[in-house]
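Student: Before I ask anything, here is the structure I am working with.
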Amino acid sequence: MRFSGLQISDVFKQLIIREEANVRRLQQHLSEINENSVIINSNLYKQTQEPLFSVIKDRHSIYGTIENVVEESESMVWMMLSKWGILHLMRSGIIDTINEALNRGIEIRVLADVDSRTIRFFDQLDDRIEIRHLDNQAQMGVYVDEDVGIQIVNSEENPTGRGKDDTALLIESVDYMEAQLELLKVQWSGGVDYAAAKARLVDGMITEPLSLKIGDGSFYERLRKIIGKESGSRFTNLVSRRPGEPTTLGLSAASLRELGIDMSDILRVVGQRIGQELALELRNENDEETFWDQLIQKWRELGMGEISIDAMPPNLVSVIDNHSQDRDPRLGSVLCHMDEGVLEGIVKERYGIKVNACEQLCTSRGEDHCEFKITTIS
């Protein structure tokens, strides 16, 4: 067989012809694009804004990343700390960066599960950092402005460990940050101011404001109806006091009810706070029998009478009021609602369960003692 090949000059001519054809095709495509004869999806040429998720391993790398994003913050930094999270924060050495952010005018909020063993570390934080306590706060994370979040997924239980297996997720997602910040605001509103949480843990006192429900509807309309109905009667201080009518704490209970304010509910809530503080005073008493013995003694010292219980926690509580014969019968059992609240507060604070105390017997109805039935609310 014989093979015949082109001359070198002919080979180059063929290559030039092929490349010229390619150039002509490219020029034709460009003309078509310019003339809008071909539909082009312009979104293909835009920079993608897809969420970015990056995994960070090792505690040193995690807190190094947190330090970097705090340095770049422009307005707001949220920090969520679990029970031992403050120890991780203090040991990481990024406090200087946080203080520098404060000096730049950055607002920093910390939502944490404050414990009596970690209070001294929170006290070391700058006073410009707003701190709130939230029971059972287990999430750990840092969220900067509305741009980036660092969610700690796994953290070593030992707060003094090296954290080699700690893992976090660096999130750059507008949608995620929007949802996360909404959740943070809800949790923040449900938290307790740090000063109040500290007073509770250290001094056994509850100092946060007491929330009371005093009724709903238009109080103005209620007042107009009362005045219209009683226009022919003689009033003392408008409707707050009426001649010969029994009063509660200096106010007419009947008048308050007409305004939509139930004094029994108010006294019950006040009683719950008193009960919680009574239990907090004895929070270090581990023996149940000793706890209730001391509680009975405190009840007596407060002039609230003699109490007896049927079990621990109790199902039935009997109260013998030494001064019951002096109680104004016109008040009915309204003051007994405070005792109901006190019992509810004690059980809730001591055992962490929500209960309802309901008075079954009352001295104001001719009985020789008061009796309260306590049931658990599921």
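How things are named: the first chain in the structure tokens is A, the next is B, and so on; residues count from 1 in each chain; ligands count from 1 in the order shown.
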Using only C-alpha atoms, determine which residues lie at most 8 Å from Leu87 of chain A, disregarding the query and same-chain residues fewer than 3 positions distant; provide the list as an NGL selection string.

Tutor: :A and (84 or 90-91 or 118 or 121 or 159-160)

Student: Write out the residues from the selection above, keeping N, CA and C atoms, as a compact mmCIF listing (two decimals), in the first residue's frame.

Tutor:
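Dumped to out.txt:
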```txt
# COMPACT_ATOMS: atom_id res chain seq x y z
N TRP A 84 -22.32 26.55 80.56
CA TRP A 84 -20.89 26.78 80.73
C TRP A 84 -20.29 27.61 79.61
N MET A 90 -14.62 33.29 78.12
CA MET A 90 -13.54 33.94 78.87
C MET A 90 -12.19 33.29 78.56
N ARG A 91 -12.18 31.98 78.40
CA ARG A 91 -10.91 31.28 78.15
C ARG A 91 -10.41 31.46 76.72
N THR A 118 -21.28 30.47 87.86
CA THR A 118 -20.68 31.24 86.78
C THR A 118 -20.91 32.75 86.92
N PHE A 121 -17.98 35.17 86.59
CA PHE A 121 -17.45 35.42 85.25
C PHE A 121 -18.30 36.46 84.51
N PRO A 159 -15.82 22.19 80.42
CA PRO A 159 -15.51 23.56 79.97
C PRO A 159 -14.03 23.88 79.98
N THR A 160 -13.24 23.07 80.67
CA THR A 160 -11.79 23.32 80.72
C THR A 160 -11.03 22.44 79.74
```

Student: DSSP on the backbone: which residues in segment 72-282 of chain A end up as helix (DSSP H, G or I)? Give the answer as a PyMOL selection string.

Tutor: chain A and resi 85-92+95-103+119-123+174-189+194-203+219-229+253-258+263-281

Student: I'd like the interatomic distance between atom CA of Ile106 of chain A and atom CA of Glu172 of chain A, to a tenth of an Å.

Tutor: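 Spanning atom CA of Ile106 of chain A to atom CA of Glu172 of chain A is a straight-line distance of 20.0 Å.
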
Student: Excluding segment 148-153 of chain A and residues on its chain fewer than 4 positions from it, collect all residues at most 6 Å away from it, counting only C-alpha atoms, and give them as a PyMOL selection string.

Tutor: chain A and resi 140-144+167-172

Student: Taking N, CA and C atoms for each residue, export the selection above as a PDB file, in the first residue's frame.

Tutor:
```
ATOM      1  N   MET A 140     -25.704  27.539  71.669  1.00  0.00           N
ATOM      2  CA  MET A 140     -24.481  28.348  71.669  1.00  0.00           C
ATOM      3  C   MET A 140     -24.308  28.938  70.277  1.00  0.00           C
ATOM      4  N   GLY A 141     -24.085  30.249  70.214  1.00  0.00           N
ATOM      5  CA  GLY A 141     -23.888  30.857  68.911  1.00  0.00           C
ATOM      6  C   GLY A 141     -23.627  32.338  69.008  1.00  0.00           C
ATOM      7  N   VAL A 142     -23.109  32.899  67.923  1.00  0.00           N
ATOM      8  CA  VAL A 142     -22.841  34.330  67.808  1.00  0.00           C
ATOM      9  C   VAL A 142     -23.409  34.786  66.475  1.00  0.00           C
ATOM     10  N   TYR A 143     -24.190  35.885  66.502  1.00  0.00           N
ATOM     11  CA  TYR A 143     -24.845  36.384  65.298  1.00  0.00           C
ATOM     12  C   TYR A 143     -24.527  37.864  65.151  1.00  0.00           C
ATOM     13  N   VAL A 144     -23.940  38.207  64.042  1.00  0.00           N
ATOM     14  CA  VAL A 144     -23.415  39.554  63.817  1.00  0.00           C
ATOM     15  C   VAL A 144     -24.239  40.270  62.757  1.00  0.00           C
ATOM     16  N   THR A 167     -17.416  21.541  67.164  1.00  0.00           N
ATOM     17  CA  THR A 167     -17.779  21.795  65.771  1.00  0.00           C
ATOM     18  C   THR A 167     -18.766  22.946  65.708  1.00  0.00           C
ATOM     19  N   ALA A 168     -18.618  23.785  64.708  1.00  0.00           N
ATOM     20  CA  ALA A 168     -19.529  24.918  64.516  1.00  0.00           C
ATOM     21  C   ALA A 168     -19.839  25.058  63.037  1.00  0.00           C
ATOM     22  N   LEU A 169     -20.914  25.802  62.771  1.00  0.00           N
ATOM     23  CA  LEU A 169     -21.346  26.049  61.395  1.00  0.00           C
ATOM     24  C   LEU A 169     -21.320  27.551  61.146  1.00  0.00           C
ATOM     25  N   LEU A 170     -20.530  27.963  60.184  1.00  0.00           N
ATOM     26  CA  LEU A 170     -20.497  29.362  59.769  1.00  0.00           C
ATOM     27  C   LEU A 170     -21.539  29.551  58.679  1.00  0.00           C
ATOM     28  N   ILE A 171     -22.519  30.419  58.960  1.00  0.00           N
ATOM     29  CA  ILE A 171     -23.671  30.570  58.076  1.00  0.00           C
ATOM     30  C   ILE A 171     -23.734  31.985  57.521  1.00  0.00           C
ATOM     31  N   GLU A 172     -23.756  32.094  56.210  1.00  0.00           N
ATOM     32  CA  GLU A 172     -23.952  33.379  55.543  1.00  0.00           C
ATOM     33  C   GLU A 172     -25.192  33.245  54.672  1.00  0.00           C
TER      34      GLU A 172
END
```

Student: From the list A:Glu340, A:Glu72, A:Asp165, A:Glu349, which residue is nearest Glu281 of chain A when using only C-alpha atoms?

Tutor: A:Glu349
